[in-house]
file coords33.cif (mmCIF, C-alpha atoms)
data_entry
#
loop_
_atom_site.label_atom_id
_atom_site.label_comp_id
_atom_site.auth_asym_id
_atom_site.auth_seq_id
_atom_site.Cartn_x
_atom_site.Cartn_y
_atom_site.Cartn_z
CA MET A 1 -15.43 17.15 -15.44
CA SER A 2 -11.95 15.71 -15.05
CA ASP A 3 -10.58 12.43 -13.72
CA TYR A 4 -8.55 11.78 -10.60
CA ASP A 5 -4.92 11.07 -11.18
CA PHE A 6 -3.84 8.48 -8.62
CA ASP A 7 -0.37 8.14 -10.13
CA ARG A 8 1.40 9.81 -7.20
CA VAL A 9 -0.67 8.03 -4.56
CA ASN A 10 1.09 5.50 -2.32
CA VAL A 11 -1.05 2.79 -0.78
CA LEU A 12 0.03 0.31 1.87
CA LEU A 13 -2.03 -2.87 1.79
CA ALA A 14 -1.99 -5.49 4.57
CA GLU A 15 -3.93 -8.61 3.62
CA ASP A 16 -3.14 -12.20 4.52
CA SER A 17 -5.22 -13.98 1.90
CA PRO A 18 -2.99 -14.21 -1.20
CA PHE A 19 -6.00 -14.28 -3.49
CA ILE A 20 -7.63 -11.16 -2.07
CA ARG A 21 -4.26 -9.46 -1.85
CA SER A 22 -3.47 -9.90 -5.52
CA LEU A 23 -7.03 -8.94 -6.35
CA LEU A 24 -6.74 -5.66 -4.47
CA VAL A 25 -3.27 -4.85 -5.79
CA ASN A 26 -4.51 -5.52 -9.27
CA SER A 27 -7.67 -3.44 -8.87
CA LEU A 28 -5.84 -0.46 -7.38
CA LYS A 29 -3.19 -0.57 -10.10
CA VAL A 30 -5.76 -0.73 -12.87
CA LEU A 31 -7.57 2.23 -11.26
CA GLY A 32 -4.27 4.06 -11.71
CA VAL A 33 -2.77 4.03 -8.21
CA GLY A 34 0.96 4.63 -8.72
CA ASN A 35 2.37 2.58 -5.87
CA VAL A 36 0.80 -0.28 -3.96
CA PHE A 37 2.98 -1.83 -1.27
CA ALA A 38 1.49 -5.15 -0.22
CA VAL A 39 2.37 -7.01 2.98
CA GLU A 40 0.97 -10.15 4.60
CA HIS A 41 -0.07 -9.03 8.06
CA GLY A 42 -0.06 -6.19 10.57
CA GLY A 43 3.44 -6.94 11.84
CA ASP A 44 4.91 -6.63 8.37
CA ALA A 45 2.90 -3.47 7.85
CA ILE A 46 4.28 -1.89 11.04
CA HIS A 47 7.79 -2.90 10.01
CA PHE A 48 7.22 -1.34 6.61
CA LEU A 49 5.99 1.96 8.07
CA GLN A 50 8.98 2.06 10.41
CA ARG A 51 11.22 1.75 7.38
CA VAL A 52 9.32 4.52 5.59
CA LYS A 53 10.06 6.71 8.58
CA ASN A 54 13.70 5.73 9.05
CA GLU A 55 14.96 5.04 5.56
CA PRO A 56 12.53 6.49 3.01
CA MET A 57 15.15 6.60 0.27
CA LYS A 58 15.81 2.89 0.57
CA VAL A 59 12.13 1.99 0.58
CA GLY A 60 11.51 4.38 -2.27
CA VAL A 61 8.57 6.18 -0.70
CA GLN A 62 8.42 9.33 1.43
CA GLN A 63 4.91 8.97 2.69
CA ILE A 64 2.06 6.49 2.61
CA ASP A 65 -1.16 8.26 1.60
CA ILE A 66 -3.70 5.54 2.34
CA VAL A 67 -3.53 2.37 4.43
CA ILE A 68 -5.85 -0.51 3.55
CA SER A 69 -5.78 -3.40 5.98
CA ASN A 70 -7.65 -6.59 6.57
CA TRP A 71 -8.96 -7.01 10.13
CA ASP A 72 -8.52 -10.72 10.72
CA MET A 73 -4.83 -11.54 10.26
CA HIS A 74 -2.17 -13.44 12.17
CA PRO A 75 -0.15 -12.80 14.23
CA ILE A 76 -0.83 -9.05 14.22
CA ASP A 77 -4.38 -8.22 13.19
CA GLY A 78 -5.79 -5.07 11.66
CA MET A 79 -6.94 -3.58 14.96
CA MET A 80 -3.50 -3.90 16.53
CA PHE A 81 -2.01 -2.37 13.41
CA LEU A 82 -4.52 0.50 13.51
CA ARG A 83 -3.75 1.11 17.18
CA TRP A 84 -0.05 1.32 16.34
CA VAL A 85 -0.62 3.74 13.45
CA ARG A 86 -2.77 6.08 15.55
CA ARG A 87 -0.99 5.88 18.89
CA HIS A 88 2.58 4.71 18.67
CA LYS A 89 5.38 7.22 18.86
CA ASP A 90 7.19 5.49 15.99
CA SER A 91 4.20 5.83 13.67
CA PRO A 92 5.33 7.97 10.72
CA ASP A 93 1.88 9.51 10.23
CA ARG A 94 -0.78 9.20 12.92
CA PHE A 95 -3.28 10.95 10.65
CA VAL A 96 -3.03 8.67 7.63
CA PRO A 97 -6.41 7.52 6.23
CA PHE A 98 -6.94 3.92 7.36
CA VAL A 99 -9.47 1.64 5.66
CA MET A 100 -10.29 -1.62 7.43
CA ILE A 101 -11.44 -4.57 5.34
CA THR A 102 -13.68 -6.97 7.14
CA SER A 103 -16.32 -9.58 6.66
CA TYR A 104 -17.39 -8.73 10.18
CA THR A 105 -20.15 -6.25 9.70
CA GLU A 106 -21.75 -6.54 13.09
CA PRO A 107 -22.39 -3.03 14.42
CA GLU A 108 -20.27 -3.55 17.53
CA ARG A 109 -17.31 -4.45 15.34
CA VAL A 110 -17.71 -1.28 13.32
CA LEU A 111 -18.00 0.68 16.55
CA GLN A 112 -14.87 -0.91 17.93
CA ALA A 113 -12.87 0.08 14.86
CA ARG A 114 -14.29 3.58 14.95
CA GLU A 115 -13.24 4.04 18.57
CA MET A 116 -9.73 2.99 17.56
CA GLY A 117 -9.71 5.74 14.91
CA VAL A 118 -10.52 3.95 11.67
CA THR A 119 -11.26 6.21 8.71
CA ASP A 120 -13.52 3.87 6.79
CA MET A 121 -14.60 0.23 6.53
CA LEU A 122 -14.65 -1.89 3.40
CA ALA A 123 -16.97 -4.87 3.76
CA LYS A 124 -16.24 -8.18 2.08
CA PRO A 125 -17.42 -9.16 -0.41
CA PHE A 126 -16.59 -5.94 -2.20
CA THR A 127 -16.87 -4.65 -5.75
CA ILE A 128 -14.69 -2.30 -7.76
CA LYS A 129 -17.41 0.30 -7.24
CA ASN A 130 -17.01 -0.09 -3.44
CA ILE A 131 -13.27 0.44 -3.69
CA GLY A 132 -13.77 3.50 -5.89
CA GLU A 133 -16.30 4.97 -3.45
CA LYS A 134 -13.89 4.57 -0.54
CA LEU A 135 -11.14 6.35 -2.49
CA ILE A 136 -13.46 9.22 -3.37
CA SER A 137 -14.72 9.51 0.20
CA ILE A 138 -11.16 9.68 1.54
CA ILE A 139 -10.17 12.33 -0.99
CA GLU A 140 -13.32 14.44 -0.97
CA ARG A 141 -14.58 14.20 2.58
CA PRO A 142 -11.65 14.10 5.00
CA ARG A 143 -12.68 14.69 8.62
CA GLN A 144 -10.86 16.73 11.20
CA PHE A 145 -8.94 14.71 13.77
CA VAL A 146 -10.08 14.81 17.36
CA HIS A 147 -7.76 14.25 20.30
CA THR A 148 -9.22 13.91 23.78
CA LYS A 149 -8.04 12.02 26.81
CA ASP A 150 -9.66 8.81 25.59
CA PHE A 151 -9.93 9.21 21.84
CA PHE A 152 -7.66 9.93 18.95
CA GLY A 153 -8.90 9.63 15.40
CA PRO A 154 -11.04 11.10 12.64
CA ASP A 155 -14.10 12.91 13.95
CA ARG A 156 -16.79 10.34 14.65
CA ARG A 157 -19.43 12.82 13.54
CA ARG A 158 -19.57 12.32 9.83
CA GLN A 159 -22.65 14.23 8.86
CA LYS A 160 -23.87 17.67 9.58
CA LEU A 161 -27.54 16.97 10.11
CA PRO A 162 -29.93 19.84 10.59
CA PHE A 163 -31.03 20.01 14.20
CA ASP A 164 -33.85 22.19 15.46
CA GLY A 165 -33.26 21.94 19.19
CA PRO A 166 -30.97 24.07 21.30
CA GLU A 167 -27.22 23.63 20.88
CA ARG A 168 -26.18 21.41 23.76
CA ARG A 169 -22.63 20.65 22.76
CA VAL A 170 -20.53 21.94 25.57
CA LEU A 171 -17.50 22.98 23.56
CA THR A 172 -17.18 25.26 20.57
CA ASP A 173 -14.02 26.30 18.74
CA LYS A 174 -13.75 29.33 21.01
CA SER A 175 -14.24 27.56 24.32
CA GLU A 176 -11.51 27.40 26.85
CA GLY A 177 -9.83 24.02 26.71
CA VAL A 178 -10.27 23.72 22.94
CA GLU A 179 -7.16 23.91 20.85
CA ILE A 180 -7.30 24.05 17.08
CA ILE A 181 -4.24 22.94 15.17
CA ARG A 182 -4.03 23.74 11.49
CA GLY A 183 -1.55 22.48 9.00
CA MET B 1 -4.22 33.34 35.64
CA GLY B 2 -2.45 30.22 34.42
CA LYS B 3 -3.00 28.70 31.02
CA SER B 4 -6.20 26.69 30.89
CA LYS B 5 -5.97 22.97 30.45
CA VAL B 6 -6.60 21.59 26.95
CA ILE B 7 -9.57 19.22 26.92
CA VAL B 8 -9.76 18.62 23.19
CA ARG B 9 -7.52 19.26 20.25
CA PHE B 10 -8.91 19.51 16.72
CA TYR B 11 -6.50 18.94 13.88
CA ARG B 12 -7.56 20.56 10.64
CA PHE B 13 -5.26 20.01 7.73
CA LYS B 14 -5.15 21.16 4.16
CA ASN B 15 -6.45 18.42 1.89
CA ARG B 16 -3.14 17.37 0.37
CA LEU B 17 -4.50 14.15 -1.04
CA LYS B 18 -7.02 16.12 -3.05
CA GLU B 19 -4.29 18.40 -4.37
CA LYS B 20 -2.25 15.35 -5.25
CA THR B 21 -5.02 13.57 -7.13
CA ALA B 22 -7.24 16.31 -8.51
CA GLY B 23 -4.90 19.29 -8.73
CA LEU B 24 -6.11 22.73 -7.82
CA ALA B 25 -8.53 23.17 -10.69
CA PRO B 26 -12.12 23.69 -9.56
CA GLY B 27 -14.95 21.48 -10.75
CA LYS B 28 -16.14 17.99 -10.19
CA VAL B 29 -13.62 15.19 -10.39
CA SER B 30 -14.42 11.52 -10.82
CA ILE B 31 -12.72 8.22 -11.39
CA SER B 32 -12.28 7.66 -15.09
CA PRO B 33 -14.98 5.33 -16.42
CA GLU B 34 -12.36 3.57 -18.56
CA ALA B 35 -10.29 2.80 -15.47
CA LEU B 36 -13.34 1.52 -13.61
CA GLU B 37 -14.25 -0.70 -16.53
CA ALA B 38 -10.72 -2.03 -16.83
CA ALA B 39 -10.69 -2.81 -13.12
CA GLU B 40 -14.04 -4.62 -13.39
CA LYS B 41 -12.60 -6.67 -16.25
CA ALA B 42 -9.53 -7.54 -14.20
CA LEU B 43 -11.79 -8.65 -11.36
CA GLU B 44 -13.80 -10.82 -13.75
CA LYS B 45 -10.64 -12.44 -14.98
CA MET B 46 -9.60 -13.26 -11.45
CA ALA B 47 -13.06 -14.60 -10.77
CA GLU B 48 -12.43 -17.20 -13.44
CA GLU B 49 -9.57 -18.55 -11.37
CA TYR B 50 -11.63 -18.51 -8.21
CA PRO B 51 -13.09 -22.06 -8.41
CA ASP B 52 -9.55 -23.53 -8.53
CA TRP B 53 -8.56 -21.47 -5.54
CA VAL B 54 -11.61 -22.57 -3.57
CA SER B 55 -11.02 -26.19 -4.51
CA GLY B 56 -7.61 -25.87 -2.85
CA LEU B 57 -9.24 -24.53 0.31
CA ILE B 58 -11.84 -27.31 0.29
CA VAL B 59 -8.99 -29.85 0.20
CA LYS B 60 -7.53 -28.15 3.27
CA LEU B 61 -10.91 -28.31 5.01
CA GLN B 62 -11.16 -31.96 4.09
CA GLU B 63 -7.78 -32.67 5.69
CA GLN B 64 -8.94 -31.02 8.89
CA HIS B 65 -12.19 -32.96 8.80
CA GLY B 66 -10.17 -36.16 8.40
CA ARG B 67 -8.19 -35.21 11.48
CA CYS B 68 -11.40 -34.71 13.44
CA VAL B 69 -12.38 -38.27 12.57
CA ASP B 70 -8.97 -39.86 13.15
CA THR B 71 -7.86 -38.01 16.26
CA PRO B 72 -10.93 -36.98 18.26
CA GLU B 73 -8.74 -35.66 21.08
CA LYS B 74 -7.39 -32.99 18.76
CA ARG B 75 -10.74 -31.85 17.40
CA ARG B 76 -10.51 -28.46 18.95
CA GLU B 77 -7.35 -27.62 17.03
CA SER B 78 -8.84 -28.80 13.76
CA LEU B 79 -12.01 -26.87 14.36
CA GLU B 80 -10.02 -23.73 14.87
CA ALA B 81 -8.27 -24.27 11.55
CA ILE B 82 -11.63 -24.91 9.90
CA ASN B 83 -13.03 -21.76 11.43
CA HIS B 84 -10.15 -19.81 9.94
CA ILE B 85 -10.49 -21.16 6.43
CA ALA B 86 -14.26 -20.65 6.57
CA HIS B 87 -13.72 -17.03 7.52
CA ASP B 88 -11.43 -16.53 4.56
CA MET B 89 -13.91 -18.15 2.19
CA LYS B 90 -16.92 -16.29 3.40
CA GLY B 91 -15.31 -13.00 2.52
CA GLN B 92 -14.45 -14.07 -1.00
CA GLY B 93 -17.33 -15.98 -2.51
CA GLY B 94 -19.61 -13.04 -3.20
CA THR B 95 -16.77 -10.99 -4.66
CA PHE B 96 -16.22 -13.61 -7.33
CA GLY B 97 -19.79 -14.40 -8.20
CA TYR B 98 -20.26 -17.35 -5.83
CA PRO B 99 -22.51 -16.05 -3.06
CA LEU B 100 -23.48 -19.67 -2.28
CA ILE B 101 -19.91 -20.33 -1.16
CA THR B 102 -20.20 -17.30 1.10
CA THR B 103 -23.50 -18.59 2.51
CA ILE B 104 -22.14 -22.08 3.19
CA ALA B 105 -18.83 -20.77 4.55
CA ASP B 106 -20.73 -18.36 6.77
CA SER B 107 -22.73 -21.25 8.22
CA LEU B 108 -19.57 -23.30 8.72
CA TYR B 109 -17.85 -20.32 10.30
CA GLY B 110 -20.64 -19.71 12.79
CA PHE B 111 -20.88 -23.37 13.57
CA SER B 112 -17.13 -23.90 14.09
CA TYR B 113 -16.72 -20.92 16.33
CA SER B 114 -15.22 -21.72 19.75
CA ARG B 115 -17.00 -24.87 20.85
CA ASP B 116 -15.97 -26.66 23.96
CA GLU B 117 -17.01 -30.11 22.98
CA ILE B 118 -17.24 -31.47 19.48
CA THR B 119 -19.47 -34.47 19.01
CA ASP B 120 -19.38 -36.99 16.16
CA ASN B 121 -22.58 -35.46 14.86
CA GLN B 122 -20.94 -32.11 14.59
CA VAL B 123 -18.04 -33.64 12.70
CA GLU B 124 -20.63 -35.05 10.29
CA LEU B 125 -22.01 -31.57 9.95
CA ILE B 126 -18.61 -30.27 8.86
CA LYS B 127 -18.68 -32.87 6.14
CA ALA B 128 -22.15 -31.75 5.02
CA HIS B 129 -20.77 -28.25 4.54
CA LEU B 130 -17.81 -29.53 2.55
CA ASP B 131 -20.07 -31.62 0.33
CA ALA B 132 -22.25 -28.60 -0.37
CA MET B 133 -19.23 -26.45 -1.24
CA ARG B 134 -17.86 -29.10 -3.51
CA ALA B 135 -21.19 -29.38 -5.30
CA VAL B 136 -21.24 -25.63 -5.88
CA ILE B 137 -17.74 -25.58 -7.33
CA ARG B 138 -18.09 -28.77 -9.34
CA GLY B 139 -21.30 -27.53 -10.90
CA ARG B 140 -19.95 -23.97 -11.24
CA VAL B 141 -23.13 -22.82 -9.54
CA SER B 142 -22.62 -19.07 -9.61
CA GLY B 143 -25.05 -16.44 -8.44
CA SER B 144 -27.88 -17.63 -6.23
CA GLY B 145 -27.82 -20.84 -8.28
CA GLY B 146 -31.56 -20.94 -8.94
CA GLU B 147 -33.17 -24.29 -8.29
CA ILE B 148 -29.90 -26.15 -7.79
CA GLY B 149 -28.75 -23.52 -5.32
CA GLU B 150 -31.99 -23.80 -3.38
CA LYS B 151 -31.70 -27.58 -3.27
CA LEU B 152 -28.14 -27.39 -2.00
CA ILE B 153 -28.99 -24.96 0.76
CA ASP B 154 -32.11 -26.97 1.69
CA GLY B 155 -30.02 -30.11 1.89
CA LEU B 156 -27.50 -28.37 4.09
CA ASN B 157 -30.20 -27.00 6.36
CA GLN B 158 -31.68 -30.47 6.71
CA ALA B 159 -28.26 -31.79 7.68
CA ILE B 160 -27.91 -28.99 10.21
CA ALA B 161 -31.33 -29.84 11.69
CA LYS B 162 -30.45 -33.53 11.81
CA TYR B 163 -26.98 -33.31 13.28
CA SER B 164 -26.93 -30.25 15.44
CA LYS B 165 -28.13 -31.89 18.58
#
call {"tool": "encode", "arguments": {"input": "coords33.cif", "output": "structure tokens"}}
result
Amino acid sequence: MSDYDFDRVNVLLAEDSPFIRSLLVNSLKVLGVGNVFAVEHGGDAIHFLQRVKNEPMKVGVQQIDIVISNWDMHPIDGMMFLRWVRRHKDSPDRFVPFVMITSYTEPERVLQAREMGVTDMLAKPFTIKNIGEKLISIIERPRQFVHTKDFFGPDRRRQKLPFDGPERRVLTDKSEGVEIIRG
Amino acid sequence: MGKSKVIVRFYRFKNRLKEKTAGLAPGKVSISPEALEAAEKALEKMAEEYPDWVSGLIVKLQEQHGRCVDTPEKRRESLEAINHIAHDMKGQGGTFGYPLITTIADSLYGFSYSRDEITDNQVELIKAHLDAMRAVIRGRVSGSGGEIGEKLIDGLNQAIAKYSK
């Protein structure tokens, strides 16, 4: 068994609480994450990603591998930031794994983030173990991205559960109207 | 026949992040236990500074409470600020070993959420929350706080029953 090497991983962190921000930066660094870029809210995060796209040499990073963002921030919150990442033409990587931190754990909140294309949720209060589990899940179990007329994001079906009944999904990979893009 | 219309696109990419972090070697990969332990230690160290941080937030809450008393016409504004700070606190307490702070902040958060009219009783109730928080921090009541914790929460619940009319 070997250990992950996070040294080449670039994380963008948007968190408005200075205490939680330094906590997360610290934790990620100690876990071995090479670069953690921390900003104070969604607006700064968008600005940062625009710079990564337009002047990567100046920023010193070619690509952000994982975004971790708080939900409740001002003036631009985590949902607006997520929407920008997934849908805006200036977004440097619409497929980047996006983890939303929230102390809102009401199901409708989770659903709302999922519909906007969130990759995973990290509930406050969190532990180091929670952070580690999210990293492993992102690395080991990436989901295909789905693009329909009203959704863009990681596949909302996470599990492949055994199902005895007849297959009622209308579309398969071979159906007309289904396009598979590999890269 | 023309090209059929695309209804859904599936994007399936090579797992570059896995290549980047685990290389191409087969076999199970995990996070190094040493790194996890070091990170836990770092978190513990930060937790030691947590009471000071919370004390600062309690002072801010106190200022807003004072404003509620002094300028009743601006209560709404103050309540919004209180709601914000409470939200911040409720996410942190448990992380640093003070779940009681999370419990009290959660109650304050729910209570201070978008109210149209704020009565004097409700302003008193804000104070009850602040007193409870201060007691937790002053007494360094970590964890569930045992008997003291129970007493604090009971006291707060009594205040809620008394004032929330």
call {"tool": "closest_atom_pairs", "arguments": {"input": "coords33.cif", "of": "chain B", "to": "chain A", "cutoff": "6 Å", "atoms": "only C-alpha atoms", "output": "JSON lines"}}
result
{"residue": "B:Lys5", "atom": "CA", "partner": "A:Gly177", "partner_atom": "CA", "distance": 5.5}
{"residue": "B:Val6", "atom": "CA", "partner": "A:Gly177", "partner_atom": "CA", "distance": 4.0}
{"residue": "B:Ile7", "atom": "CA", "partner": "A:Gly177", "partner_atom": "CA", "distance": 4.8}
{"residue": "B:Val8", "atom": "CA", "partner": "A:Thr148", "partner_atom": "CA", "distance": 4.8}
{"residue": "B:Arg9", "atom": "CA", "partner": "A:Glu179", "partner_atom": "CA", "distance": 4.7}
{"residue": "B:Phe10", "atom": "CA", "partner": "A:Ile180", "partner_atom": "CA", "distance": 4.8}
{"residue": "B:Tyr11", "atom": "CA", "partner": "A:Ile181", "partner_atom": "CA", "distance": 4.8}
{"residue": "B:Arg12", "atom": "CA", "partner": "A:Arg182", "partner_atom": "CA", "distance": 4.8}
{"residue": "B:Phe13", "atom": "CA", "partner": "A:Gly183", "partner_atom": "CA", "distance": 4.6}
{"residue": "B:Leu17", "atom": "CA", "partner": "A:Ile139", "partner_atom": "CA", "distance": 6.0}
{"residue": "B:Lys18", "atom": "CA", "partner": "A:Ile139", "partner_atom": "CA", "distance": 5.3}
{"residue": "B:Thr21", "atom": "CA", "partner": "A:Asp5", "partner_atom": "CA", "distance": 4.8}
{"residue": "B:Ala22", "atom": "CA", "partner": "A:Tyr4", "partner_atom": "CA", "distance": 5.2}
{"residue": "B:Lys28", "atom": "CA", "partner": "A:Met1", "partner_atom": "CA", "distance": 5.4}
{"residue": "B:Val29", "atom": "CA", "partner": "A:Ser2", "partner_atom": "CA", "distance": 5.0}
{"residue": "B:Ser30", "atom": "CA", "partner": "A:Asp3", "partner_atom": "CA", "distance": 4.9}
{"residue": "B:Ile31", "atom": "CA", "partner": "A:Asp3", "partner_atom": "CA", "distance": 5.3}
{"residue": "B:Ser32", "atom": "CA", "partner": "A:Asp3", "partner_atom": "CA", "distance": 5.2}
{"residue": "B:Ala35", "atom": "CA", "partner": "A:Leu31", "partner_atom": "CA", "distance": 5.0}
{"residue": "B:Ala39", "atom": "CA", "partner": "A:Ser27", "partner_atom": "CA", "distance": 5.3}
{"residue": "B:Gly91", "atom": "CA", "partner": "A:Lys124", "partner_atom": "CA", "distance": 4.9}
{"residue": "B:Gln92", "atom": "CA", "partner": "A:Pro125", "partner_atom": "CA", "distance": 5.8}
{"residue": "B:Gly94", "atom": "CA", "partner": "A:Pro125", "partner_atom": "CA", "distance": 5.3}
{"residue": "B:Thr95", "atom": "CA", "partner": "A:Pro125", "partner_atom": "CA", "distance": 4.7}
call {"tool": "write_last_selection", "arguments": {"input": "coords33.cif", "atoms": "C-alpha atoms", "output": "short mmCIF file (atom, residue, chain, number, x, y, z; two decimals), in the frame of the given file"}}
result
data_model
loop_
_atom_site.label_atom_id
_atom_site.label_comp_id
_atom_site.auth_asym_id
_atom_site.auth_seq_id
_atom_site.Cartn_x
_atom_site.Cartn_y
_atom_site.Cartn_z
CA LYS B 5 -5.97 22.97 30.45
CA VAL B 6 -6.60 21.59 26.95
CA ILE B 7 -9.57 19.22 26.92
CA VAL B 8 -9.76 18.62 23.19
CA ARG B 9 -7.52 19.26 20.25
CA PHE B 10 -8.91 19.51 16.72
CA TYR B 11 -6.50 18.94 13.88
CA ARG B 12 -7.56 20.56 10.64
CA PHE B 13 -5.26 20.01 7.73
CA LEU B 17 -4.50 14.15 -1.04
CA LYS B 18 -7.02 16.12 -3.05
CA THR B 21 -5.02 13.57 -7.13
CA ALA B 22 -7.24 16.31 -8.51
CA LYS B 28 -16.14 17.99 -10.19
CA VAL B 29 -13.62 15.19 -10.39
CA SER B 30 -14.42 11.52 -10.82
CA ILE B 31 -12.72 8.22 -11.39
CA SER B 32 -12.28 7.66 -15.09
CA ALA B 35 -10.29 2.80 -15.47
CA ALA B 39 -10.69 -2.81 -13.12
CA GLY B 91 -15.31 -13.00 2.52
CA GLN B 92 -14.45 -14.07 -1.00
CA GLY B 94 -19.61 -13.04 -3.20
CA THR B 95 -16.77 -10.99 -4.66
#
call {"tool": "resolve_selection", "arguments": {"input": "coords33.cif", "expression": "the PyMOL selection byres ((chain B and resi 49-51) around 10)", "output": "list of chain:residue names"}}
result
A:Phe19, B:Glu44, B:Lys45, B:Met46, B:Ala47, B:Glu48, B:Asp52, B:Trp53, B:Val54, B:Ser55, B:Gly56, B:Leu57, B:Gln92, B:Gly93, B:Thr95, B:Phe96, B:Gly97, B:Tyr98, B:Arg134, B:Val136, B:Ile137, B:Arg138, B:Arg140
call {"tool": "residues_around", "arguments": {"input": "coords33.cif", "residues": "A:Asp90", "least_positions_apart": "2", "cutoff": "8 Å", "atoms": "only C-alpha atoms", "output": "list in words"}}
result
Gln50, His88 and Pro92 of chain A
call {"tool": "closest_residue", "arguments": {"input": "coords33.cif", "among": "A:Lys174, A:His74, A:Lys58, A:Arg158", "to": "A:Glu15", "atoms": "all atoms listed in the file"}}
result
A:His74
call {"tool": "atom_distance", "arguments": {"input": "coords33.cif", "atom1": "atom CA of B:Ile101", "atom2": "atom CA of B:Met89"}}
result
7.2 Å
call {"tool": "atom_distance", "arguments": {"input": "coords33.cif", "atom1": "atom CA of B:Gln158", "atom2": "atom CA of B:Ala132"}}
result
11.9 Å
call {"tool": "resolve_selection", "arguments": {"input": "coords33.cif", "expression": "the PyMOL selection byres ((chain B and resi 79) around 8)", "output": "JSON, numbers by chain"}}
result
{"B": [64, 68, 75, 76, 77, 78, 80, 81, 82, 83, 112, 113]}
call {"tool": "atom_distance", "arguments": {"input": "coords33.cif", "atom1": "atom CA of B:Leu24", "atom2": "atom CA of A:Ser137"}}
result
17.7 Å
call {"tool": "residues_around", "arguments": {"input": "coords33.cif", "residues": "A:Phe37", "least_positions_apart": "3", "cutoff": "7 Å", "atoms": "all atoms listed in the file", "output": "list in words"}}
result
Val11, Leu12 and Leu13 of chain A
call {"tool": "resolve_selection", "arguments": {"input": "coords33.cif", "expression": "the PyMOL selection byres ((chain B and resi 160) around 10)", "output": "compact mmCIF listing (two decimals) with C-alpha atoms, in the coordinates of the input"}}
result
# COMPACT_ATOMS: atom_id res chain seq x y z
CA SER B 107 -22.73 -21.25 8.22
CA PHE B 111 -20.88 -23.37 13.57
CA ASN B 121 -22.58 -35.46 14.86
CA GLN B 122 -20.94 -32.11 14.59
CA GLU B 124 -20.63 -35.05 10.29
CA LEU B 125 -22.01 -31.57 9.95
CA ILE B 126 -18.61 -30.27 8.86
CA ALA B 128 -22.15 -31.75 5.02
CA HIS B 129 -20.77 -28.25 4.54
CA ASP B 154 -32.11 -26.97 1.69
CA GLY B 155 -30.02 -30.11 1.89
CA LEU B 156 -27.50 -28.37 4.09
CA ASN B 157 -30.20 -27.00 6.36
CA GLN B 158 -31.68 -30.47 6.71
CA ALA B 159 -28.26 -31.79 7.68
CA ALA B 161 -31.33 -29.84 11.69
CA LYS B 162 -30.45 -33.53 11.81
CA TYR B 163 -26.98 -33.31 13.28
CA SER B 164 -26.93 -30.25 15.44
CA LYS B 165 -28.13 -31.89 18.58
call {"tool": "residues_around", "arguments": {"input": "coords33.cif", "residues": "A:Pro75", "least_positions_apart": "5", "cutoff": "8 Å", "atoms": "all atoms listed in the file", "output": "list in words"}}
result
His41, Gly42 and Gly43 of chain A
call {"tool": "decode", "arguments": {"input": "coords33.cif", "residues": "stretch 38-49 of chain A", "atoms": "N, CA and C atoms", "output": "PDB file, in the first residue's frame"}}
result
ATOM      1  N   ALA A  38      -5.832  30.763  -0.989  1.00  0.00           N
ATOM      2  CA  ALA A  38      -7.003  31.078  -0.168  1.00  0.00           C
ATOM      3  C   ALA A  38      -7.504  32.488  -0.464  1.00  0.00           C
ATOM      4  N   VAL A  39      -8.806  32.605  -0.674  1.00  0.00           N
ATOM      5  CA  VAL A  39      -9.438  33.913  -0.903  1.00  0.00           C
ATOM      6  C   VAL A  39     -10.630  34.064   0.037  1.00  0.00           C
ATOM      7  N   GLU A  40     -11.154  35.298   0.130  1.00  0.00           N
ATOM      8  CA  GLU A  40     -12.127  35.596   1.181  1.00  0.00           C
ATOM      9  C   GLU A  40     -13.589  35.414   0.800  1.00  0.00           C
ATOM     10  N   HIS A  41     -13.887  35.454  -0.478  1.00  0.00           N
ATOM     11  CA  HIS A  41     -15.285  35.207  -0.866  1.00  0.00           C
ATOM     12  C   HIS A  41     -15.363  34.835  -2.341  1.00  0.00           C
ATOM     13  N   GLY A  42     -16.565  34.534  -2.805  1.00  0.00           N
ATOM     14  CA  GLY A  42     -16.756  34.047  -4.163  1.00  0.00           C
ATOM     15  C   GLY A  42     -16.258  35.002  -5.240  1.00  0.00           C
ATOM     16  N   GLY A  43     -16.413  36.302  -4.990  1.00  0.00           N
ATOM     17  CA  GLY A  43     -15.961  37.287  -5.980  1.00  0.00           C
ATOM     18  C   GLY A  43     -14.455  37.206  -6.178  1.00  0.00           C
ATOM     19  N   ASP A  44     -13.737  37.126  -5.072  1.00  0.00           N
ATOM     20  CA  ASP A  44     -12.280  36.998  -5.152  1.00  0.00           C
ATOM     21  C   ASP A  44     -11.896  35.696  -5.841  1.00  0.00           C
ATOM     22  N   ALA A  45     -12.674  34.657  -5.572  1.00  0.00           N
ATOM     23  CA  ALA A  45     -12.384  33.347  -6.152  1.00  0.00           C
ATOM     24  C   ALA A  45     -12.560  33.381  -7.674  1.00  0.00           C
ATOM     25  N   ILE A  46     -13.631  34.052  -8.122  1.00  0.00           N
ATOM     26  CA  ILE A  46     -13.872  34.177  -9.565  1.00  0.00           C
ATOM     27  C   ILE A  46     -12.728  34.971 -10.209  1.00  0.00           C
ATOM     28  N   HIS A  47     -12.368  36.056  -9.550  1.00  0.00           N
ATOM     29  CA  HIS A  47     -11.271  36.887 -10.042  1.00  0.00           C
ATOM     30  C   HIS A  47      -9.992  36.055 -10.150  1.00  0.00           C
ATOM     31  N   PHE A  48      -9.756  35.240  -9.147  1.00  0.00           N
ATOM     32  CA  PHE A  48      -8.554  34.408  -9.137  1.00  0.00           C
ATOM     33  C   PHE A  48      -8.571  33.431 -10.312  1.00  0.00           C
ATOM     34  N   LEU A  49      -9.710  32.778 -10.534  1.00  0.00           N
ATOM     35  CA  LEU A  49      -9.792  31.797 -11.623  1.00  0.00           C
ATOM     36  C   LEU A  49      -9.637  32.469 -12.991  1.00  0.00           C
TER      37      LEU A  49
END
